[in-house]
>>> print(open('final.txt').read())   # compact mmCIF, C-alpha atoms and all ligand atoms
# COMPACT_ATOMS: atom_id res chain seq x y z
CA MET A 30 20.18 -15.03 1.00
CA LEU A 31 16.98 -14.72 -1.02
CA GLU A 32 17.09 -16.21 -4.49
CA ILE A 33 16.02 -12.91 -5.99
CA ALA A 34 18.92 -11.18 -4.21
CA SER A 35 21.44 -13.48 -5.92
CA LYS A 36 19.84 -12.65 -9.25
CA VAL A 37 19.99 -8.90 -8.60
CA ILE A 38 23.63 -9.06 -7.49
CA GLU A 39 24.56 -11.16 -10.51
CA GLU A 40 22.91 -8.65 -12.83
CA TYR A 41 24.54 -5.75 -10.99
CA SER A 42 27.99 -7.33 -11.28
CA SER A 43 27.54 -8.03 -14.97
CA LYS A 44 26.92 -4.32 -15.64
CA PHE A 45 28.92 -2.43 -13.02
CA GLU A 46 32.28 -2.88 -11.31
CA SER A 47 31.73 -1.51 -7.82
CA LEU A 48 30.60 -3.45 -4.77
CA PRO A 49 26.99 -2.43 -4.02
CA VAL A 50 25.07 -1.93 -0.81
CA LEU A 51 22.18 -4.39 -0.67
CA ILE A 52 18.72 -3.42 0.52
CA TYR A 53 15.55 -5.40 1.16
CA SER A 54 12.42 -3.32 0.80
CA PRO A 55 9.10 -5.01 1.61
CA GLY A 56 5.61 -4.97 0.16
CA ARG A 57 2.68 -4.58 2.50
CA VAL A 58 -0.72 -5.88 3.44
CA ASN A 59 -3.44 -3.77 5.02
CA LEU A 60 -5.66 -5.54 7.53
CA ILE A 61 -8.31 -2.83 7.60
CA GLY A 62 -8.66 0.90 6.86
CA GLU A 63 -8.86 1.38 3.12
CA HIS A 64 -8.97 4.82 1.46
CA THR A 65 -8.82 6.39 4.90
CA ASP A 66 -5.19 7.55 4.72
CA TYR A 67 -5.75 10.54 2.44
CA ASN A 68 -8.74 11.50 4.59
CA ASP A 69 -6.45 11.98 7.60
CA GLY A 70 -7.77 8.76 9.12
CA PHE A 71 -6.37 5.49 10.49
CA VAL A 72 -4.93 2.45 8.71
CA LEU A 73 -3.65 -0.92 9.93
CA PRO A 74 -0.97 -2.21 7.56
CA ALA A 75 2.00 -4.54 8.03
CA ALA A 76 5.16 -5.14 6.03
CA ILE A 77 5.44 -8.63 4.51
CA ASP A 78 8.23 -11.02 3.59
CA LYS A 79 7.99 -10.28 -0.14
CA VAL A 80 10.58 -7.68 -1.09
CA ILE A 81 12.24 -5.64 -3.78
CA VAL A 82 15.98 -6.12 -3.58
CA VAL A 83 18.04 -3.05 -4.43
CA ALA A 84 21.78 -3.19 -5.16
CA ILE A 85 23.22 0.31 -5.30
CA ALA A 86 26.60 2.10 -5.26
CA LYS A 87 28.02 5.55 -6.04
CA ASN A 88 29.52 5.92 -9.52
CA ASN A 89 31.07 9.43 -9.43
CA LEU A 90 29.70 10.06 -12.94
CA ASN A 91 26.85 12.45 -12.15
CA MET A 92 24.52 10.05 -13.81
CA ILE A 93 22.09 7.31 -12.85
CA ARG A 94 22.67 3.94 -14.48
CA ALA A 95 19.70 1.78 -13.66
CA CYS A 96 18.84 -1.79 -14.37
CA ALA A 97 15.34 -3.24 -13.81
CA VAL A 98 16.24 -6.91 -13.48
CA ASP A 99 12.75 -8.43 -13.81
CA MET A 100 11.98 -6.38 -16.90
CA GLU A 101 15.45 -6.87 -18.35
CA GLU A 102 15.70 -3.14 -19.04
CA TYR A 103 18.52 -0.67 -18.63
CA GLN A 104 18.39 3.15 -18.65
CA GLU A 105 20.77 6.03 -18.07
CA VAL A 106 19.85 9.43 -16.72
CA ASP A 107 22.08 12.49 -16.91
CA LEU A 108 21.82 14.27 -13.56
CA SER A 109 23.00 17.60 -15.01
CA LYS A 110 19.78 17.76 -17.03
CA GLU A 111 16.25 18.28 -15.83
CA LEU A 112 14.61 15.13 -14.47
CA ASN A 113 11.44 14.84 -16.56
CA SER A 114 9.42 11.77 -15.76
CA LYS A 115 6.60 10.13 -17.68
CA PRO A 116 3.96 8.28 -15.64
CA GLY A 117 3.91 4.58 -16.46
CA GLU A 118 7.67 4.10 -16.82
CA TRP A 119 9.66 2.39 -14.06
CA ILE A 120 12.47 4.92 -14.40
CA SER A 121 9.99 7.63 -13.32
CA TYR A 122 10.15 6.23 -9.78
CA VAL A 123 13.92 6.55 -9.77
CA LYS A 124 13.97 10.03 -11.31
CA GLY A 125 11.04 11.06 -9.12
CA VAL A 126 12.74 10.12 -5.88
CA VAL A 127 15.93 11.97 -6.87
CA SER A 128 14.01 15.00 -8.04
CA GLU A 129 11.94 15.18 -4.83
CA LEU A 130 15.13 14.88 -2.79
CA GLN A 131 16.64 17.75 -4.78
CA LYS A 132 13.56 19.90 -4.17
CA LYS A 133 14.16 19.42 -0.45
CA GLY A 134 17.76 20.56 -0.82
CA TYR A 135 19.50 17.16 -0.82
CA GLU A 136 22.03 16.50 -3.55
CA PRO A 137 22.64 12.80 -4.07
CA GLY A 138 25.39 12.25 -6.64
CA GLY A 139 25.50 9.71 -9.45
CA PHE A 140 24.78 6.06 -8.71
CA ASP A 141 24.44 2.62 -10.26
CA ILE A 142 21.43 0.58 -9.29
CA ALA A 143 19.94 -2.81 -10.06
CA PHE A 144 16.67 -3.95 -8.56
CA GLY A 145 14.23 -6.83 -8.78
CA GLY A 146 11.85 -8.61 -6.47
CA ASP A 147 9.17 -11.12 -5.69
CA ILE A 148 6.35 -8.66 -4.96
CA PRO A 149 3.85 -9.27 -7.74
CA ILE A 150 3.43 -6.03 -9.72
CA GLY A 151 -0.05 -4.50 -9.99
CA ALA A 152 -1.38 -6.88 -7.33
CA GLY A 153 -1.96 -4.17 -4.72
CA LEU A 154 0.98 -5.11 -2.51
CA SER A 155 2.74 -1.78 -3.02
CA SER A 156 5.69 -2.78 -5.12
CA SER A 157 6.03 0.88 -6.09
CA ALA A 158 6.35 2.07 -2.49
CA ALA A 159 8.92 -0.70 -2.01
CA LEU A 160 10.98 0.62 -4.90
CA GLU A 161 10.78 4.18 -3.58
CA GLY A 162 11.68 3.08 -0.05
CA GLY A 163 14.54 0.85 -1.21
CA LEU A 164 16.01 3.61 -3.32
CA LEU A 165 15.67 6.19 -0.56
CA LYS A 166 17.31 3.88 1.96
CA GLY A 167 20.11 3.27 -0.52
CA LEU A 168 20.71 6.95 -1.26
CA ASP A 169 20.51 7.81 2.42
CA THR A 170 23.15 5.18 3.18
CA LEU A 171 25.50 6.07 0.31
CA PHE A 172 25.35 9.83 0.56
CA ASP A 173 24.78 10.24 4.31
CA LEU A 174 21.66 12.29 3.74
CA GLY A 175 20.42 11.86 7.31
CA LEU A 176 16.79 11.26 6.26
CA ASP A 177 14.40 10.20 8.98
CA GLY A 178 11.63 7.66 8.39
CA GLU A 179 8.87 10.25 8.20
CA LEU A 180 10.67 12.30 5.58
CA MET A 181 11.46 9.22 3.55
CA ALA A 182 7.79 8.25 3.52
CA LYS A 183 6.79 11.76 2.47
CA ILE A 184 9.33 11.84 -0.34
CA GLY A 185 8.02 8.49 -1.59
CA GLN A 186 4.48 9.86 -1.50
CA LEU A 187 5.49 13.04 -3.37
CA THR A 188 7.12 10.85 -6.00
CA GLU A 189 3.73 9.22 -6.61
CA HIS A 190 1.94 12.58 -6.70
CA ASN A 191 4.34 14.45 -8.93
CA HIS A 192 5.94 11.78 -11.10
CA VAL A 193 3.53 8.86 -11.25
CA GLY A 194 0.23 10.76 -11.24
CA VAL A 195 -1.46 9.08 -8.25
CA ARG A 196 -2.52 11.34 -5.39
CA CYS A 197 -2.02 8.52 -2.91
CA GLY A 198 -2.06 8.71 0.87
CA ILE A 199 0.98 7.89 2.98
CA MET A 200 0.15 4.37 4.18
CA ASP A 201 2.23 2.36 1.72
CA GLN A 202 5.41 4.40 2.04
CA PHE A 203 5.09 4.66 5.80
CA ILE A 204 4.70 0.94 6.45
CA ASN A 205 7.48 0.10 4.00
CA ILE A 206 9.81 1.99 6.32
CA HIS A 207 8.29 1.34 9.74
CA GLY A 208 7.16 -2.28 9.33
CA LYS A 209 8.14 -4.72 12.09
CA ASP A 210 8.10 -8.50 11.91
CA LYS A 211 5.13 -10.08 13.74
CA TYR A 212 3.36 -6.72 14.20
CA VAL A 213 0.72 -4.69 12.44
CA LEU A 214 0.95 -0.94 12.76
CA ARG A 215 -1.89 1.44 13.41
CA LEU A 216 -1.04 4.75 11.83
CA ASP A 217 -2.80 8.00 12.47
CA CYS A 218 -2.38 9.56 9.04
CA ARG A 219 -3.04 13.04 10.40
CA THR A 220 -0.33 13.18 13.06
CA LEU A 221 1.79 10.24 11.79
CA GLU A 222 1.75 8.85 15.32
CA TYR A 223 1.76 5.08 15.28
CA GLU A 224 1.38 2.07 17.50
CA TYR A 225 2.38 -1.56 16.94
CA PHE A 226 -0.02 -4.41 17.70
CA PRO A 227 1.30 -7.99 17.91
CA PHE A 228 -0.09 -10.17 15.15
CA ASP A 229 1.44 -13.57 15.58
CA ARG A 230 -1.27 -16.15 16.07
CA LYS A 231 0.17 -19.58 15.31
CA ASP A 232 -3.24 -20.92 14.28
CA ILE A 233 -4.13 -18.19 11.79
CA ARG A 234 -2.59 -17.12 8.50
CA ILE A 235 -2.93 -14.04 6.36
CA VAL A 236 -3.74 -15.33 2.89
CA LEU A 237 -3.82 -13.21 -0.25
CA CYS A 238 -5.77 -14.24 -3.33
CA ASN A 239 -4.69 -12.49 -6.50
CA SER A 240 -7.63 -11.67 -8.78
CA LYS A 241 -5.09 -11.34 -11.59
CA VAL A 242 -6.87 -8.18 -12.65
CA SER A 243 -4.13 -5.60 -12.80
CA HIS A 244 -5.06 -2.44 -10.97
CA ASN A 245 -2.82 -0.22 -13.07
CA LEU A 246 -5.73 1.52 -14.75
CA ALA A 247 -7.15 2.46 -11.39
CA SER A 248 -5.12 5.61 -10.81
CA SER A 249 -7.64 7.95 -12.44
CA GLU A 250 -10.52 6.49 -10.42
CA TYR A 251 -8.38 6.74 -7.29
CA ASN A 252 -7.95 10.46 -7.88
CA VAL A 253 -11.69 10.81 -8.52
CA ARG A 254 -12.46 9.20 -5.13
CA ARG A 255 -10.11 11.60 -3.46
CA ALA A 256 -11.77 14.56 -5.16
CA GLN A 257 -15.24 13.31 -4.12
CA CYS A 258 -14.14 13.18 -0.48
CA GLU A 259 -12.82 16.71 -0.78
CA GLU A 260 -16.10 17.85 -2.30
CA GLY A 261 -17.98 16.43 0.69
CA VAL A 262 -15.62 18.17 3.09
CA GLN A 263 -16.08 21.54 1.33
CA ILE A 264 -19.86 21.35 1.73
CA ILE A 265 -19.72 20.47 5.42
CA LYS A 266 -16.99 23.00 6.09
CA GLU A 267 -19.17 25.89 4.91
CA HIS A 268 -21.18 25.64 8.12
CA ASN A 269 -18.51 23.94 10.24
CA PRO A 270 -15.22 25.74 9.74
CA PHE A 271 -13.37 23.37 12.10
CA VAL A 272 -13.73 20.57 9.54
CA GLU A 273 -10.53 20.10 7.61
CA ASN A 274 -10.95 16.54 6.50
CA LEU A 275 -13.37 13.61 6.75
CA ARG A 276 -11.52 12.68 9.92
CA ASP A 277 -13.31 15.59 11.58
CA VAL A 278 -16.78 14.56 10.44
CA SER A 279 -19.08 12.30 12.48
CA LEU A 280 -21.82 10.28 10.81
CA ASP A 281 -24.42 12.56 12.44
CA LEU A 282 -22.78 15.63 10.98
CA LEU A 283 -22.63 13.99 7.56
CA TYR A 284 -26.32 13.08 7.69
CA ALA A 285 -27.14 16.65 8.70
CA HIS A 286 -25.69 17.79 5.37
CA GLN A 287 -26.88 14.90 3.24
CA ARG A 288 -29.41 17.01 1.30
CA GLU A 289 -26.76 19.49 0.18
CA MET A 290 -24.70 16.74 -1.40
CA ASP A 291 -24.75 14.70 -4.51
CA GLU A 292 -25.81 11.14 -3.67
CA VAL A 293 -22.50 9.66 -4.79
CA VAL A 294 -20.43 12.11 -2.75
CA PHE A 295 -22.56 11.26 0.28
CA LYS A 296 -21.92 7.52 -0.15
CA ARG A 297 -18.18 8.06 -0.49
CA CYS A 298 -18.02 10.14 2.69
CA LYS A 299 -20.19 7.71 4.62
CA TYR A 300 -17.91 4.83 3.73
CA VAL A 301 -14.77 6.69 4.84
CA ILE A 302 -16.25 7.77 8.18
CA GLU A 303 -17.45 4.22 8.91
CA GLU A 304 -14.19 2.62 7.82
CA ASN A 305 -12.21 4.93 10.02
CA GLN A 306 -14.25 3.85 13.04
CA ARG A 307 -13.76 0.22 12.01
CA VAL A 308 -9.98 0.59 12.29
CA ILE A 309 -10.27 1.96 15.81
CA ASP A 310 -12.68 -0.84 16.80
CA ALA A 311 -10.58 -3.51 15.09
CA CYS A 312 -7.58 -2.51 17.20
CA LEU A 313 -9.67 -3.02 20.34
CA ASP A 314 -10.51 -6.48 18.99
CA LEU A 315 -6.80 -7.15 18.58
CA GLU A 316 -6.16 -6.10 22.15
CA LYS A 317 -8.75 -8.67 23.23
CA ASP A 318 -7.31 -11.20 20.79
CA ASP A 319 -10.80 -11.41 19.28
CA LEU A 320 -10.11 -12.23 15.65
CA VAL A 321 -13.68 -13.36 15.12
CA ARG A 322 -14.98 -9.80 15.66
CA PHE A 323 -12.02 -8.51 13.72
CA GLY A 324 -12.97 -10.74 10.78
CA LEU A 325 -16.55 -9.49 10.81
CA ARG A 326 -15.27 -5.94 10.50
CA MET A 327 -13.24 -6.98 7.47
CA GLN A 328 -16.47 -8.22 5.92
CA GLU A 329 -18.19 -4.89 6.61
CA SER A 330 -15.21 -3.11 5.15
CA HIS A 331 -15.54 -5.06 1.92
CA LYS A 332 -19.23 -4.30 1.69
CA GLY A 333 -18.55 -0.59 2.06
CA LEU A 334 -15.72 -0.64 -0.46
CA SER A 335 -17.85 -2.51 -2.96
CA GLU A 336 -21.22 -0.79 -2.56
CA ASP A 337 -20.53 2.71 -1.22
CA TYR A 338 -17.00 3.52 -2.28
CA GLU A 339 -17.30 1.43 -5.46
CA VAL A 340 -13.64 0.54 -5.83
CA SER A 341 -14.09 -3.21 -6.01
CA CYS A 342 -14.69 -5.13 -9.23
CA ALA A 343 -16.57 -8.29 -10.23
CA GLU A 344 -13.49 -10.49 -9.79
CA LEU A 345 -12.67 -9.20 -6.28
CA ASP A 346 -16.32 -9.57 -5.25
CA THR A 347 -16.26 -13.13 -6.59
CA LEU A 348 -13.16 -13.98 -4.56
CA VAL A 349 -14.77 -12.59 -1.43
CA ASP A 350 -18.06 -14.38 -2.11
CA ILE A 351 -16.26 -17.69 -2.53
CA ALA A 352 -14.09 -17.27 0.55
CA LYS A 353 -16.36 -15.70 3.11
CA ASP A 354 -18.33 -18.82 4.10
CA LEU A 355 -15.57 -21.40 3.76
CA PRO A 356 -14.56 -23.32 6.90
CA GLY A 357 -11.82 -21.57 8.83
CA VAL A 358 -12.25 -18.12 7.22
CA LEU A 359 -12.52 -15.41 9.87
CA GLY A 360 -12.74 -12.51 7.45
CA CYS A 361 -11.92 -11.45 3.93
CA ARG A 362 -12.07 -8.32 1.83
CA MET A 363 -10.50 -6.56 -1.09
CA MET A 364 -7.25 -4.86 -0.19
CA GLY A 365 -5.53 -1.66 -1.30
CA GLY A 366 -6.66 0.87 -3.89
CA GLY A 367 -9.05 -1.55 -5.61
CA PHE A 368 -10.25 -2.32 -9.16
CA GLY A 369 -8.14 -5.47 -9.08
CA GLY A 370 -5.19 -6.78 -7.11
CA CYS A 371 -5.66 -9.08 -4.13
CA THR A 372 -8.15 -9.96 -1.45
CA ILE A 373 -6.86 -10.43 2.08
CA ASN A 374 -8.20 -13.38 4.07
CA LEU A 375 -7.69 -14.47 7.66
CA VAL A 376 -7.74 -18.25 7.55
CA GLU A 377 -7.29 -20.87 10.24
CA LYS A 378 -4.15 -22.84 9.54
CA LYS A 379 -5.83 -26.21 9.71
CA HIS A 380 -8.17 -25.21 6.86
CA LEU A 381 -5.51 -23.75 4.57
CA ASP A 382 -5.37 -26.62 2.09
CA SER A 383 -9.07 -26.86 1.56
CA PHE A 384 -9.31 -23.06 1.37
CA LYS A 385 -6.72 -22.96 -1.36
CA ASP A 386 -8.24 -25.80 -3.37
CA THR A 387 -11.76 -24.43 -3.20
CA VAL A 388 -10.88 -20.82 -4.02
CA GLU A 389 -8.70 -21.88 -6.95
CA ALA A 390 -11.32 -24.20 -8.42
CA GLU A 391 -14.34 -21.96 -7.91
CA TYR A 392 -12.62 -18.79 -9.10
CA LEU A 393 -11.50 -20.56 -12.25
CA GLU A 394 -14.97 -21.88 -12.85
CA LYS A 395 -16.69 -18.52 -12.28
CA THR A 396 -14.24 -16.21 -14.05
CA GLY A 397 -12.00 -18.36 -16.22
CA ILE A 398 -9.02 -16.91 -14.33
CA GLN A 399 -6.41 -18.91 -12.41
CA THR A 400 -5.85 -17.12 -9.10
CA GLU A 401 -2.50 -17.10 -7.34
CA ILE A 402 -2.61 -17.59 -3.59
CA TYR A 403 0.09 -16.29 -1.25
CA ILE A 404 0.32 -17.42 2.35
CA THR A 405 1.93 -14.35 3.73
CA LYS A 406 4.35 -13.87 6.58
CA LEU A 407 4.81 -10.47 8.15
CA GLY A 408 8.30 -9.00 8.01
CA ASP A 409 10.49 -6.01 8.80
CA GLY A 410 10.54 -2.62 7.10
CA VAL A 411 13.17 -1.51 4.58
CA ARG A 412 16.71 -2.44 5.68
CA VAL A 413 20.30 -2.66 4.61
CA VAL A 414 21.46 -6.30 4.65
C1 LIG B 1 -3.22 2.69 -2.38
C2 LIG B 1 -2.58 4.00 -1.93
C3 LIG B 1 -2.68 4.16 -0.42
C4 LIG B 1 -4.11 3.93 0.08
C5 LIG B 1 -4.69 2.66 -0.52
C6 LIG B 1 -6.15 2.49 -0.19
O1 LIG B 1 -2.48 1.60 -1.90
O2 LIG B 1 -1.23 4.06 -2.31
O3 LIG B 1 -2.22 5.43 -0.05
O4 LIG B 1 -4.91 5.04 -0.19
O5 LIG B 1 -4.55 2.60 -1.92
O6 LIG B 1 -6.32 2.31 1.16
>>> encode(input="final.txt", output="structure tokens")
Amino acid sequence: MLEIASKVIEEYSSKFESLPVLIYSPGRVNLIGEHTDYNDGFVLPAAIDKVIVVAIAKNNLNMIRACAVDMEEYQEVDLSKELNSKPGEWISYVKGVVSELQKKGYEPGGFDIAFGGDIPIGAGLSSSAALEGGLLKGLDTLFDLGLDGELMAKIGQLTEHNHVGVRCGIMDQFINIHGKDKYVLRLDCRTLEYEYFPFDRKDIRIVLCNSKVSHNLASSEYNVRRAQCEEGVQIIKEHNPFVENLRDVSLDLLYAHQREMDEVVFKRCKYVIEENQRVIDACLDLEKDDLVRFGLRMQESHKGLSEDYEVSCAELDTLVDIAKDLPGVLGCRMMGGGFGGCTINLVEKKHLDSFKDTVEAEYLEKTGIQTEIYITKLGDGVRVV
């Protein structure tokens, strides 16, 4: 059993008497396809072996008693009252999930919950989607709600929109549920159709470098990016009614309307259209087992995110600059929403030690910040253990 699981169970047992169900709910990486999900595009994420552990049982009290183990905090929520949530508080995720379930006509009763994990918070590995997914899996199991994976992902996403204040796409919640060990998943965020691609090269590792810049402040900028994409779509749609989303727009069509658009909106749209194509091409590279081409696309993705979409930051750019020409690095880029969090690097196993040493030393020298480096294994989606 994971060390963190023992800690969560211990904490649970010190507060509550019942025997809980135990759930592992993973964080995620995204190989390529950033900020494409809310534009109805493609993404290529995978679940990882870092998890939030949830211990949960019914309490027959019509209340939630919740314990955030890592934060050493405890809160109670009366389910007979309205579930008001304040963005920024961990309990908002719990209340949000329950409230979104209620809106869909499900009535989970009272429950006791303790959770904690080893997914670094604010590092762009989707600890919040892991909490939502873990809780949903727990409630589904306890109260026989009969939720399918797609609905669970949507409820997690609505929790972010309505209770956390981030108008996120569906990637993080979807992969938390559908992740499969040794595979990455290409998701079509329009139809929610998905396909698994094996990702199990013995000679290559997925390495994350934490900039240690917390991305928590990024939510407002995230929503601004989303609005800019929508603005671009509105302009193109005026003459092309079939266009519902950037997914429907080719680069040629975008250029045809460039003059009608603000320069910034144009850049945002251009990035999304190009990135979407990169995901499709990167999957062809995977089919050919061509990780060299794949890595080059990661580099292009970073350039677009940094220069056109402008969601990188000096620290992430520094990490990428240090890593990109090191021996054994096939590709690297910022990952997730941006403004901090981690870079994702594909590194040949035989060069791991020197990669780690060099990135740590140079990042410290250039920024004064000690990075944390995680050699990541892929893992399964949310599960009862
Ligand atoms: C965050 C959001 C996702 C996605 C990424 C960027 O992780 O939660 O929906 O938009 O940013 O790709």
>>> closest_atom_pairs(input="final.txt", of="chain A", to="ligand LIG 1 (chain B)", cutoff="8 Å", atoms="all atoms listed in the file", output="tab-separated table")
residue	atom	partner	partner_atom	distance
A:Asn59	CA	B:LIG1	O6	7.8
A:Gly62	CA	B:LIG1	O6	6.3
A:Glu63	CA	B:LIG1	O6	3.3
A:His64	CA	B:LIG1	O6	3.7
A:Thr65	CA	B:LIG1	O6	6.1
A:Asp66	CA	B:LIG1	O4	5.5
A:Tyr67	CA	B:LIG1	O4	6.2
A:Val72	CA	B:LIG1	O6	7.7
A:Gly153	CA	B:LIG1	O1	6.4
A:Leu154	CA	B:LIG1	O1	7.6
A:Ser155	CA	B:LIG1	O1	6.3
A:Ala158	CA	B:LIG1	O2	7.8
A:Val195	CA	B:LIG1	O2	7.8
A:Arg196	CA	B:LIG1	O3	8.0
A:Cys197	CA	B:LIG1	O3	4.2
A:Gly198	CA	B:LIG1	O3	3.4
A:Ile199	CA	B:LIG1	O3	5.0
A:Met200	CA	B:LIG1	O3	5.0
A:Asp201	CA	B:LIG1	O2	5.6
A:Gln202	CA	B:LIG1	O2	7.9
A:Tyr251	CA	B:LIG1	O5	7.8
A:Met364	CA	B:LIG1	O6	7.4
A:Gly365	CA	B:LIG1	C6	4.3
A:Gly366	CA	B:LIG1	O5	3.4
A:Gly367	CA	B:LIG1	O5	7.1
>>> closest_atom_pairs(input="final.txt", of="segment 41-126 of chain A", to="segment 130-138 of chain A", cutoff="8 Å", atoms="all atoms listed in the file", output="JSON lines")
{"residue": "A:Lys87", "atom": "CA", "partner": "A:Gly138", "partner_atom": "CA", "distance": 7.2}
{"residue": "A:Asn89", "atom": "CA", "partner": "A:Gly138", "partner_atom": "CA", "distance": 6.9}
{"residue": "A:Leu90", "atom": "CA", "partner": "A:Gly138", "partner_atom": "CA", "distance": 7.9}
{"residue": "A:Asn91", "atom": "CA", "partner": "A:Gly138", "partner_atom": "CA", "distance": 5.7}
{"residue": "A:Met92", "atom": "CA", "partner": "A:Gly138", "partner_atom": "CA", "distance": 7.6}
{"residue": "A:Val126", "atom": "CA", "partner": "A:Leu130", "partner_atom": "CA", "distance": 6.2}
>>> write_last_selection(input="final.txt", atoms="C-alpha atoms", output="PDB file, keeping the file's coordinate frame")
ATOM      1  CA  LYS A  87      28.020   5.550  -6.040  1.00  0.00           C
ATOM      2  CA  ASN A  89      31.070   9.430  -9.430  1.00  0.00           C
ATOM      3  CA  LEU A  90      29.700  10.060 -12.940  1.00  0.00           C
ATOM      4  CA  ASN A  91      26.850  12.450 -12.150  1.00  0.00           C
ATOM      5  CA  MET A  92      24.520  10.050 -13.810  1.00  0.00           C
ATOM      6  CA  VAL A 126      12.740  10.120  -5.880  1.00  0.00           C
TER       7      VAL A 126
END
>>> closest_residue(input="final.txt", among="A:Trp119, A:Tyr223, A:Tyr300, A:Phe295", to="Gln257 of chain A", atoms="only C-alpha atoms")
A:Phe295
>>> closest_residue(input="final.txt", among="A:Leu176, A:Ile33, A:Ile93, A:Val83", to="Leu160 of chain A", atoms="all atoms listed in the file")
A:Val83
>>> atom_distance(input="final.txt", atom1="atom CA of Leu407 of chain A", atom2="atom CA of His331 of chain A")
22.0 Å
>>> closest_residue(input="final.txt", among="A:Val301, A:Ala86, A:Val50, A:Val376", to="Lys231 of chain A", atoms="all atoms listed in the file")
A:Val376
>>> closest_residue(input="final.txt", among="A:Glu40, A:Glu129, A:Glu189, A:Asp210", to="Val411 of chain A", atoms="all atoms listed in the file")
A:Asp210
>>> closest_residue(input="final.txt", among="A:Ala84, A:Leu60, A:Met327, A:Leu313", to="Ser47 of chain A", atoms="all atoms listed in the file")
A:Ala84
>>> atom_distance(input="final.txt", atom1="atom CA of Lys395 of chain A", atom2="atom CA of Asn374 of chain A")
19.1 Å
>>> closest_residue(input="final.txt", among="A:Lys296, A:Arg94, A:Arg57, A:Arg322", to="Ile204 of chain A", atoms="all atoms listed in the file")
A:Arg57
>>> residues_near_point(input="final.txt", point="(21.5, -6.1, -2.1)", cutoff="12 Å", atoms="only C-alpha atoms", output="ChimeraX atom specification")
/A:30-42,48-54,80-86,142-146,163-164,166-167,411-414
>>> write_last_selection(input="final.txt", atoms="C-alpha atoms", output="short mmCIF file (atom, residue, chain, number, x, y, z; two decimals), in the coordinates of the input")
data_model
loop_
_atom_site.label_atom_id
_atom_site.label_comp_id
_atom_site.auth_asym_id
_atom_site.auth_seq_id
_atom_site.Cartn_x
_atom_site.Cartn_y
_atom_site.Cartn_z
CA MET A 30 20.18 -15.03 1.00
CA LEU A 31 16.98 -14.72 -1.02
CA GLU A 32 17.09 -16.21 -4.49
CA ILE A 33 16.02 -12.91 -5.99
CA ALA A 34 18.92 -11.18 -4.21
CA SER A 35 21.44 -13.48 -5.92
CA LYS A 36 19.84 -12.65 -9.25
CA VAL A 37 19.99 -8.90 -8.60
CA ILE A 38 23.63 -9.06 -7.49
CA GLU A 39 24.56 -11.16 -10.51
CA GLU A 40 22.91 -8.65 -12.83
CA TYR A 41 24.54 -5.75 -10.99
CA SER A 42 27.99 -7.33 -11.28
CA LEU A 48 30.60 -3.45 -4.77
CA PRO A 49 26.99 -2.43 -4.02
CA VAL A 50 25.07 -1.93 -0.81
CA LEU A 51 22.18 -4.39 -0.67
CA ILE A 52 18.72 -3.42 0.52
CA TYR A 53 15.55 -5.40 1.16
CA SER A 54 12.42 -3.32 0.80
CA VAL A 80 10.58 -7.68 -1.09
CA ILE A 81 12.24 -5.64 -3.78
CA VAL A 82 15.98 -6.12 -3.58
CA VAL A 83 18.04 -3.05 -4.43
CA ALA A 84 21.78 -3.19 -5.16
CA ILE A 85 23.22 0.31 -5.30
CA ALA A 86 26.60 2.10 -5.26
CA ILE A 142 21.43 0.58 -9.29
CA ALA A 143 19.94 -2.81 -10.06
CA PHE A 144 16.67 -3.95 -8.56
CA GLY A 145 14.23 -6.83 -8.78
CA GLY A 146 11.85 -8.61 -6.47
CA GLY A 163 14.54 0.85 -1.21
CA LEU A 164 16.01 3.61 -3.32
CA LYS A 166 17.31 3.88 1.96
CA GLY A 167 20.11 3.27 -0.52
CA VAL A 411 13.17 -1.51 4.58
CA ARG A 412 16.71 -2.44 5.68
CA VAL A 413 20.30 -2.66 4.61
CA VAL A 414 21.46 -6.30 4.65
#
>>> residues_around(input="final.txt", residues="Leu112 of chain A", least_positions_apart="2", cutoff="8 Å", atoms="only C-alpha atoms", output="PyMOL selection string")
chain A and resi 108+110+114+124-125+128
>>> write_last_selection(input="final.txt", atoms="C-alpha atoms", output="PDB file, in the coordinates of the input")
ATOM      1  CA  LEU A 108      21.820  14.270 -13.560  1.00  0.00           C
ATOM      2  CA  LYS A 110      19.780  17.760 -17.030  1.00  0.00           C
ATOM      3  CA  SER A 114       9.420  11.770 -15.760  1.00  0.00           C
ATOM      4  CA  LYS A 124      13.970  10.030 -11.310  1.00  0.00           C
ATOM      5  CA  GLY A 125      11.040  11.060  -9.120  1.00  0.00           C
ATOM      6  CA  SER A 128      14.010  15.000  -8.040  1.00  0.00           C
TER       7      SER A 128
END
>>> residues_around(input="final.txt", residues="Lys241 of chain A", least_positions_apart="5", cutoff="12 Å", atoms="all atoms listed in the file", output="count of residues only")
24
>>> atom_distance(input="final.txt", atom1="atom CA of Ala311 of chain A", atom2="atom CA of Ile206 of chain A")
22.9 Å
